[in-house]
>>> print(open('input.csv').read())   # CSV, C-alpha atoms and all ligand atoms
chain,number,residue,atom,x,y,z
V,1,MET,CA,11.4,-8.4,-1.7
V,2,ALA,CA,13.4,-9.8,1.2
V,3,SER,CA,12.5,-13.1,2.8
V,4,ILE,CA,14.0,-15.9,4.9
V,5,LYS,CA,12.5,-19.3,5.1
V,6,PHE,CA,13.7,-22.2,7.3
V,7,GLU,CA,12.2,-25.6,6.7
V,8,ASN,CA,13.1,-28.2,9.4
V,9,VAL,CA,16.6,-26.8,9.6
V,10,SER,CA,19.2,-28.5,11.8
V,11,VAL,CA,22.9,-27.6,12.3
V,12,ASP,CA,25.3,-30.1,13.9
V,13,ILE,CA,28.7,-28.8,14.7
V,14,PRO,CA,31.3,-31.5,15.1
V,15,VAL,CA,33.7,-31.2,18.0
V,16,PHE,CA,37.0,-33.0,17.5
V,17,ASN,CA,38.9,-32.6,20.8
V,18,ALA,CA,36.1,-32.8,23.4
V,19,SER,CA,36.8,-34.9,26.4
V,20,ASN,CA,34.2,-37.7,26.7
V,21,ARG,CA,34.9,-38.1,30.4
V,22,SER,CA,33.8,-34.6,31.2
V,23,LEU,CA,30.4,-35.1,29.6
V,24,LYS,CA,27.8,-36.2,32.1
V,25,ASN,CA,24.7,-38.1,31.0
V,26,ASN,CA,22.5,-35.3,32.3
V,27,VAL,CA,24.1,-32.6,30.2
V,28,LEU,CA,20.8,-31.9,28.4
V,29,SER,CA,19.4,-30.5,31.6
V,30,ALA,CA,22.1,-27.8,31.7
V,31,ALA,CA,20.7,-24.3,31.5
V,32,THR,CA,22.9,-23.3,28.6
V,33,GLY,CA,24.2,-24.6,25.3
V,34,GLY,CA,22.9,-26.7,22.5
V,35,GLN,CA,22.5,-30.4,22.6
V,36,ILE,CA,25.7,-32.4,23.0
V,37,GLN,CA,25.6,-35.7,21.2
V,38,PRO,CA,28.0,-38.6,20.9
V,39,ARG,CA,28.9,-39.4,17.3
V,40,ASP,CA,30.5,-42.4,15.7
V,41,SER,CA,34.0,-43.4,16.8
V,42,GLY,CA,33.7,-41.5,20.0
V,43,ARG,CA,33.6,-38.0,18.5
V,44,MET,CA,31.1,-35.5,19.7
V,45,SER,CA,28.9,-33.0,18.1
V,46,VAL,CA,26.7,-30.1,19.2
V,47,ARG,CA,23.3,-29.8,17.7
V,48,ALA,CA,23.2,-26.0,17.7
V,49,ILE,CA,19.9,-25.8,15.7
V,50,ASP,CA,17.3,-28.5,16.0
V,51,ASP,CA,14.5,-28.9,13.4
V,52,VAL,CA,13.6,-25.2,13.2
V,53,SER,CA,11.0,-23.9,10.8
V,54,PHE,CA,9.8,-20.3,10.2
V,55,ASP,CA,8.9,-17.9,7.4
V,56,LEU,CA,10.0,-14.2,7.7
V,57,THR,CA,8.7,-11.8,5.1
V,58,HIS,CA,9.6,-8.3,4.0
V,59,GLY,CA,9.0,-5.7,6.7
V,60,THR,CA,9.5,-8.1,9.6
V,61,ARG,CA,11.8,-7.1,12.5
V,62,VAL,CA,12.4,-10.1,14.6
V,63,GLY,CA,14.4,-10.5,17.8
V,64,LEU,CA,16.1,-13.8,18.7
V,65,ILE,CA,15.8,-14.5,22.4
V,66,GLY,CA,17.2,-17.2,24.6
V,67,HIS,CA,19.9,-18.4,27.0
V,68,ASN,CA,23.6,-18.6,26.3
V,69,GLY,CA,24.2,-21.2,23.6
V,70,ALA,CA,20.5,-21.4,22.6
V,71,GLY,CA,21.4,-21.2,18.9
V,72,LYS,CA,20.9,-17.5,18.2
V,73,SER,CA,24.3,-16.7,16.6
V,74,THR,CA,24.3,-20.0,14.7
V,75,MET,CA,20.9,-19.0,13.2
V,76,LEU,CA,22.3,-15.7,12.1
V,77,ARG,CA,25.4,-17.5,10.5
V,78,VAL,CA,23.1,-19.9,8.6
V,79,ILE,CA,21.1,-16.9,7.3
V,80,ALA,CA,24.3,-15.2,6.3
V,81,GLY,CA,25.5,-18.3,4.4
V,82,ILE,CA,28.5,-18.7,6.8
V,83,TYR,CA,27.2,-22.1,8.0
V,84,ALA,CA,25.4,-24.6,5.8
V,85,PRO,CA,22.5,-26.5,7.5
V,86,THR,CA,23.2,-30.2,8.1
V,87,GLY,CA,19.5,-30.9,7.7
V,88,GLY,CA,16.4,-29.2,6.2
V,89,ARG,CA,16.2,-26.3,3.7
V,90,VAL,CA,17.1,-22.6,4.0
V,91,SER,CA,16.0,-20.0,1.4
V,92,VAL,CA,17.1,-16.4,1.6
V,93,GLU,CA,16.0,-13.7,-0.9
V,94,GLY,CA,17.8,-10.4,-0.9
V,95,ASP,CA,21.2,-8.9,-0.1
V,96,VAL,CA,22.3,-9.8,3.4
V,97,ALA,CA,24.4,-7.5,5.6
V,98,PRO,CA,25.8,-9.3,8.6
V,99,MET,CA,26.9,-6.9,11.4
V,100,PHE,CA,29.0,-9.5,13.2
V,101,ASP,CA,32.2,-11.5,12.7
V,102,ILE,CA,33.5,-8.0,12.4
V,103,GLY,CA,37.0,-9.1,11.3
V,104,PHE,CA,35.5,-11.1,8.4
V,105,GLY,CA,37.1,-9.9,5.1
V,106,MET,CA,39.7,-7.7,6.8
V,107,ASP,CA,43.4,-8.1,6.2
V,108,PRO,CA,45.5,-7.1,9.2
V,109,ASP,CA,48.6,-6.2,7.1
V,110,ALA,CA,46.6,-4.0,4.7
V,111,THR,CA,45.9,-0.3,5.5
V,112,GLY,CA,42.5,1.0,6.6
V,113,TRP,CA,41.9,2.3,3.1
V,114,ASP,CA,42.6,-1.1,1.5
V,115,ASN,CA,40.4,-2.8,4.0
V,116,ILE,CA,37.5,-0.5,3.2
V,117,ILE,CA,37.8,-1.8,-0.4
V,118,LEU,CA,38.3,-5.5,0.7
V,119,ARG,CA,35.3,-5.6,3.1
V,120,GLY,CA,33.2,-3.5,0.7
V,121,MET,CA,33.7,-6.0,-2.1
V,122,LEU,CA,33.0,-8.9,0.2
V,123,LEU,CA,29.7,-7.2,1.0
V,124,GLY,CA,28.8,-7.1,-2.7
V,125,TYR,CA,30.0,-3.7,-3.9
V,126,SER,CA,31.8,-3.5,-7.3
V,127,LYS,CA,35.3,-2.1,-7.2
V,128,ARG,CA,34.0,1.2,-8.8
V,129,GLU,CA,31.2,1.5,-6.3
V,130,ILE,CA,33.3,1.0,-3.3
V,131,HIS,CA,36.0,3.4,-4.6
V,132,GLU,CA,33.3,6.0,-5.0
V,133,ARG,CA,32.1,5.6,-1.4
V,134,ALA,CA,35.5,5.1,0.3
V,135,LYS,CA,35.8,8.8,1.3
V,136,ASP,CA,32.3,8.8,3.0
V,137,ILE,CA,33.1,5.6,4.8
V,138,ALA,CA,36.5,7.1,6.0
V,139,LEU,CA,34.6,10.1,7.4
V,140,VAL,CA,32.2,7.9,9.3
V,141,SER,CA,35.0,5.8,10.8
V,142,ASP,CA,36.7,9.0,12.0
V,143,LEU,CA,40.1,7.3,12.0
V,144,GLY,CA,41.9,10.1,10.2
V,145,GLU,CA,45.5,9.4,9.3
V,146,PHE,CA,45.3,6.0,10.9
V,147,LEU,CA,43.6,4.9,7.7
V,148,ASP,CA,47.1,4.9,6.1
V,149,MET,CA,48.4,2.4,8.7
V,150,PRO,CA,48.0,-1.4,8.6
V,151,ILE,CA,45.0,-2.3,10.7
V,152,ARG,CA,47.0,-4.7,12.9
V,153,THR,CA,48.2,-1.4,14.6
V,154,TYR,CA,44.5,-0.6,15.5
V,155,SER,CA,42.9,-1.2,18.8
V,156,ALA,CA,39.8,-3.5,18.9
V,157,GLY,CA,37.6,-0.4,19.0
V,158,MET,CA,39.3,1.2,16.1
V,159,ALA,CA,38.9,-1.9,13.9
V,160,THR,CA,35.3,-2.1,14.9
V,161,ARG,CA,34.7,1.5,13.8
V,162,LEU,CA,36.1,0.7,10.4
V,163,ALA,CA,34.1,-2.5,9.9
V,164,PHE,CA,31.0,-0.8,11.1
V,165,ALA,CA,31.5,2.2,8.8
V,166,VAL,CA,31.8,-0.1,5.8
V,167,SER,CA,28.9,-2.4,6.7
V,168,THR,CA,26.5,0.4,7.3
V,169,SER,CA,27.3,2.1,4.0
V,170,ILE,CA,25.3,-0.4,2.1
V,171,ARG,CA,21.5,-0.6,1.9
V,172,PRO,CA,20.8,-4.2,2.8
V,173,ASP,CA,17.6,-6.0,2.1
V,174,ILE,CA,18.3,-8.2,5.2
V,175,LEU,CA,20.2,-6.9,8.2
V,176,LEU,CA,21.6,-9.3,10.8
V,177,ILE,CA,22.8,-8.0,14.1
V,178,ASP,CA,24.3,-10.0,16.9
V,179,GLU,CA,24.0,-8.3,20.4
V,180,GLY,CA,25.9,-5.1,21.1
V,181,ILE,CA,27.6,-3.2,18.3
V,182,GLY,CA,31.0,-4.1,19.8
V,183,ALA,CA,33.9,-2.2,21.3
V,184,GLY,CA,33.8,1.5,21.2
V,185,ASP,CA,33.9,4.6,23.3
V,186,ALA,CA,30.7,6.4,24.4
V,187,ALA,CA,30.7,9.0,21.6
V,188,PHE,CA,31.2,6.2,19.0
V,189,ILE,CA,28.4,4.1,20.4
V,190,ALA,CA,26.1,7.1,20.4
V,191,GLN,CA,26.9,7.9,16.8
V,192,ALA,CA,26.7,4.2,15.9
V,193,ARG,CA,23.3,3.8,17.5
V,194,GLU,CA,22.0,6.7,15.5
V,195,ARG,CA,23.4,5.4,12.3
V,196,MET,CA,22.2,2.0,13.1
V,197,SER,CA,18.6,3.2,13.7
V,198,ARG,CA,18.6,4.8,10.2
V,199,PHE,CA,20.2,1.7,8.8
V,200,ILE,CA,17.6,-0.5,10.4
V,201,GLY,CA,14.8,1.7,9.0
V,202,GLU,CA,16.1,1.1,5.5
V,203,ALA,CA,16.4,-2.7,5.7
V,204,GLY,CA,13.6,-4.8,4.4
V,205,LEU,CA,14.0,-7.4,7.1
V,206,LEU,CA,15.9,-7.3,10.4
V,207,VAL,CA,17.0,-10.2,12.6
V,208,LEU,CA,18.5,-9.1,15.9
V,209,ALA,CA,20.0,-11.6,18.4
V,210,SER,CA,20.2,-9.9,21.9
V,211,HIS,CA,19.9,-10.3,25.6
V,212,ALA,CA,19.0,-6.6,26.0
V,213,ASP,CA,15.2,-6.3,26.4
V,214,ASP,CA,15.2,-2.6,25.7
V,215,MET,CA,17.0,-3.0,22.4
V,216,LEU,CA,14.6,-5.9,21.4
V,217,ARG,CA,11.5,-3.9,22.3
V,218,GLN,CA,12.8,-0.8,20.5
V,219,TRP,CA,13.8,-2.5,17.2
V,220,CYS,CA,11.6,-5.6,16.9
V,221,GLN,CA,7.9,-6.3,16.6
V,222,THR,CA,8.1,-10.1,16.8
V,223,GLY,CA,10.3,-12.5,18.7
V,224,ILE,CA,11.6,-16.0,18.3
V,225,TRP,CA,12.5,-17.7,21.6
V,226,MET,CA,15.2,-20.4,21.2
V,227,GLU,CA,16.0,-23.1,23.8
V,228,HIS,CA,18.8,-25.7,23.3
V,229,GLY,CA,18.6,-25.2,19.6
V,230,ARG,CA,14.8,-25.6,19.3
V,231,MET,CA,12.2,-22.9,18.7
V,232,ARG,CA,10.2,-22.6,21.8
V,233,MET,CA,7.9,-19.7,20.8
V,234,GLN,CA,7.3,-17.2,18.0
V,235,GLY,CA,5.0,-14.2,18.4
V,236,GLU,CA,4.7,-10.5,19.4
V,237,ILE,CA,7.9,-9.3,21.0
V,238,GLY,CA,6.4,-8.3,24.4
V,239,GLU,CA,4.6,-11.7,24.7
V,240,VAL,CA,7.6,-13.7,23.9
V,241,LEU,CA,9.9,-11.8,26.3
V,242,ALA,CA,7.3,-12.2,29.1
V,243,ALA,CA,7.0,-15.9,28.5
V,244,TYR,CA,10.8,-16.2,28.4
V,245,HIS,CA,11.3,-14.3,31.6
V,246,ALA,CA,8.5,-16.3,33.3
V,247,SER,CA,10.3,-19.5,32.4
V,248,LEU,CA,13.5,-18.2,33.9
V,249,ALA,CA,11.7,-17.2,37.1
V,250,GLN,CA,10.5,-20.8,37.4
V,251,GLY,CA,14.1,-22.0,37.2
V,301,LIG,N1,32.4,-23.3,16.4
V,301,LIG,C1,31.7,-24.1,17.3
V,301,LIG,N2,32.2,-25.2,17.7
V,301,LIG,C2,31.5,-26.0,18.6
V,301,LIG,N3,30.3,-25.7,19.1
V,301,LIG,C3,29.8,-24.5,18.7
V,301,LIG,C4,30.5,-23.6,17.8
V,301,LIG,N4,29.7,-22.5,17.6
V,301,LIG,C5,28.6,-22.7,18.4
V,301,LIG,N5,28.7,-23.9,19.0
V,301,LIG,C6,27.7,-24.5,19.9
V,301,LIG,O1,26.4,-24.3,19.4
V,301,LIG,C7,25.5,-24.0,20.4
V,301,LIG,C8,24.7,-22.7,20.0
V,301,LIG,O2,25.7,-21.6,20.1
V,301,LIG,P1,25.3,-20.1,19.6
V,301,LIG,O3,26.5,-19.3,19.5
V,301,LIG,O4,24.4,-20.2,18.4
V,301,LIG,O5,24.4,-19.7,20.9
V,301,LIG,P2,23.8,-18.2,21.2
V,301,LIG,O6,22.3,-18.4,21.4
V,301,LIG,O7,24.2,-17.2,20.2
V,301,LIG,O8,24.5,-17.9,22.6
V,301,LIG,P3,25.0,-16.5,23.3
V,301,LIG,O9,23.7,-15.8,23.8
V,301,LIG,O10,25.8,-17.0,24.4
V,301,LIG,O11,25.8,-15.7,22.3
V,301,LIG,C9,26.2,-23.9,21.7
V,301,LIG,O12,26.1,-25.1,22.5
V,301,LIG,C10,27.7,-23.7,21.3
V,301,LIG,O13,28.5,-24.4,22.2
>>> encode(input="input.csv", output="structure tokens", more="lines below")
Ligand SMILES: Nc1ncnc2c1ncn2[C@@H]1O[C@H](COP(=O)(O)OP(=O)(O)OP(=O)(O)O)[C@@H](O)[C@H]1O
Amino acid sequence: MASIKFENVSVDIPVFNASNRSLKNNVLSAATGGQIQPRDSGRMSVRAIDDVSFDLTHGTRVGLIGHNGAGKSTMLRVIAGIYAPTGGRVSVEGDVAPMFDIGFGMDPDATGWDNIILRGMLLGYSKREIHERAKDIALVSDLGEFLDMPIRTYSAGMATRLAFAVSTSIRPDILLIDEGIGAGDAAFIAQARERMSRFIGEAGLLVLASHADDMLRQWCQTGIWMEHGRMRMQGEIGEVLAAYHASLAQG
């Protein structure tokens, strides 16, 4: 059974080359971003997540809502184990498939075929399993003979196709999606959306960070509204979106 539990989780990201001079005292009133804090010896850090607690259980499809820099992507990275929390506790049960950081686990000098194996193993396949699936994945990517070429020769859209084909070949317990599916032409996006819908249906738990209301309403039943790294509201997706938009309208 898939589950994600955050207990008073905070994430501070140190920033080493920020200019103190450009940071105004009223920076917290800015509409975007996390909370910028001075650290010892003049260094700065951004509190991207601030004391967040929630409990997501199997069958939940939750949308992360909020302004630019509110902490949505950071939250997904913490769930994926890419960032460790600097405070609090995170427990995640189940296999996680992150559909972002699309170049993660890809080697630009290796061929498309080799990258299918590399990324597949990074997502938890055994060597044998990924070799068995490589042909199907290649078909989905629709990259034909380009699969014999190093992926540094691919366009951004072609690399996305490959990463997407590998990522959606697993059956995840937990699926993490950040915003749009990435670069691609209309035909690919249509195919990707269809494949994604099926993929979402198979996952035990979905966390989707997005600014697109239609996507959030279509795929999520509940929402978490983030503001400057804090959780402002959790509830039924329509209610959370309405409250979020009402706050934007007030300025
Ligand atoms: N690598 C990093 N170095 C420094 N600060 C970072 C880093 N990654 C994120 N942040 C900061 O953490 C805060 C939260 O960022 P995050 O990417 O989680 O926001 P978001 O809600 O996903 O935003 P968006 O909707 O624009 O994608 C922001 O203030 C951002 O500047």
>>> residues_near_ligand(input="input.csv", ligand="ligand LIG 301 (chain V)", cutoff="7 Å", atoms="only C-alpha atoms and all ligand atoms", output="count of residues only")
21
>>> closest_residue(input="input.csv", among="V:Asp142, V:Ala249, V:Leu206, V:Val11", to="V:Ile82", atoms="only C-alpha atoms")
V:Val11
>>> closest_residue(input="input.csv", among="V:Ser197, V:Thr153, V:Gln37, V:Ser10", to="V:Tyr83", atoms="all atoms listed in the file")
V:Ser10
>>> atom_distance(input="input.csv", atom1="atom CA of V:Ala97", atom2="atom CA of V:Ile174")
6.2 Å
>>> residues_near_point(input="input.csv", point="(7.3, -8.8, 27.2)", cutoff="12 Å", atoms="only C-alpha atoms", output="PyMOL selection string")
chain V and resi 63+65+212-214+216-218+220-223+225+235-246
>>> write_last_selection(input="input.csv", atoms="C-alpha atoms", output="compact mmCIF listing (two decimals), in the frame of the given file")
# COMPACT_ATOMS: atom_id res chain seq x y z
CA GLY V 63 14.40 -10.50 17.80
CA ILE V 65 15.80 -14.50 22.40
CA ALA V 212 19.00 -6.60 26.00
CA ASP V 213 15.20 -6.30 26.40
CA ASP V 214 15.20 -2.60 25.70
CA LEU V 216 14.60 -5.90 21.40
CA ARG V 217 11.50 -3.90 22.30
CA GLN V 218 12.80 -0.80 20.50
CA CYS V 220 11.60 -5.60 16.90
CA GLN V 221 7.90 -6.30 16.60
CA THR V 222 8.10 -10.10 16.80
CA GLY V 223 10.30 -12.50 18.70
CA TRP V 225 12.50 -17.70 21.60
CA GLY V 235 5.00 -14.20 18.40
CA GLU V 236 4.70 -10.50 19.40
CA ILE V 237 7.90 -9.30 21.00
CA GLY V 238 6.40 -8.30 24.40
CA GLU V 239 4.60 -11.70 24.70
CA VAL V 240 7.60 -13.70 23.90
CA LEU V 241 9.90 -11.80 26.30
CA ALA V 242 7.30 -12.20 29.10
CA ALA V 243 7.00 -15.90 28.50
CA TYR V 244 10.80 -16.20 28.40
CA HIS V 245 11.30 -14.30 31.60
CA ALA V 246 8.50 -16.30 33.30
>>> closest_residue(input="input.csv", among="V:Ser53, V:Ser247, V:Ser126, V:Ser91", to="V:Gln234", atoms="all atoms listed in the file")
V:Ser53
>>> closest_residue(input="input.csv", among="V:Leu248, V:Ile130, V:Val140, V:Val78", to="V:Val90", atoms="all atoms listed in the file")
V:Val78
>>> residues_near_point(input="input.csv", point="(38.9, -7.0, 3.9)", cutoff="12 Å", atoms="all atoms listed in the file", output="count of residues only")
30
>>> atom_distance(input="input.csv", atom1="atom CA of V:Thr57", atom2="atom CA of V:Asp12")
26.2 Å
>>> closest_residue(input="input.csv", among="V:Thr60, V:Ser45, V:Asn8, V:Ser141", to="V:Gly204", atoms="all atoms listed in the file")
V:Thr60
>>> atom_distance(input="input.csv", atom1="atom CA of V:Asp50", atom2="atom CA of V:Met231")
8.0 Å
>>> closest_residue(input="input.csv", among="V:Val62, V:Val96, V:Met226, V:Ala156", to="V:Arg171", atoms="only C-alpha atoms")
V:Val96
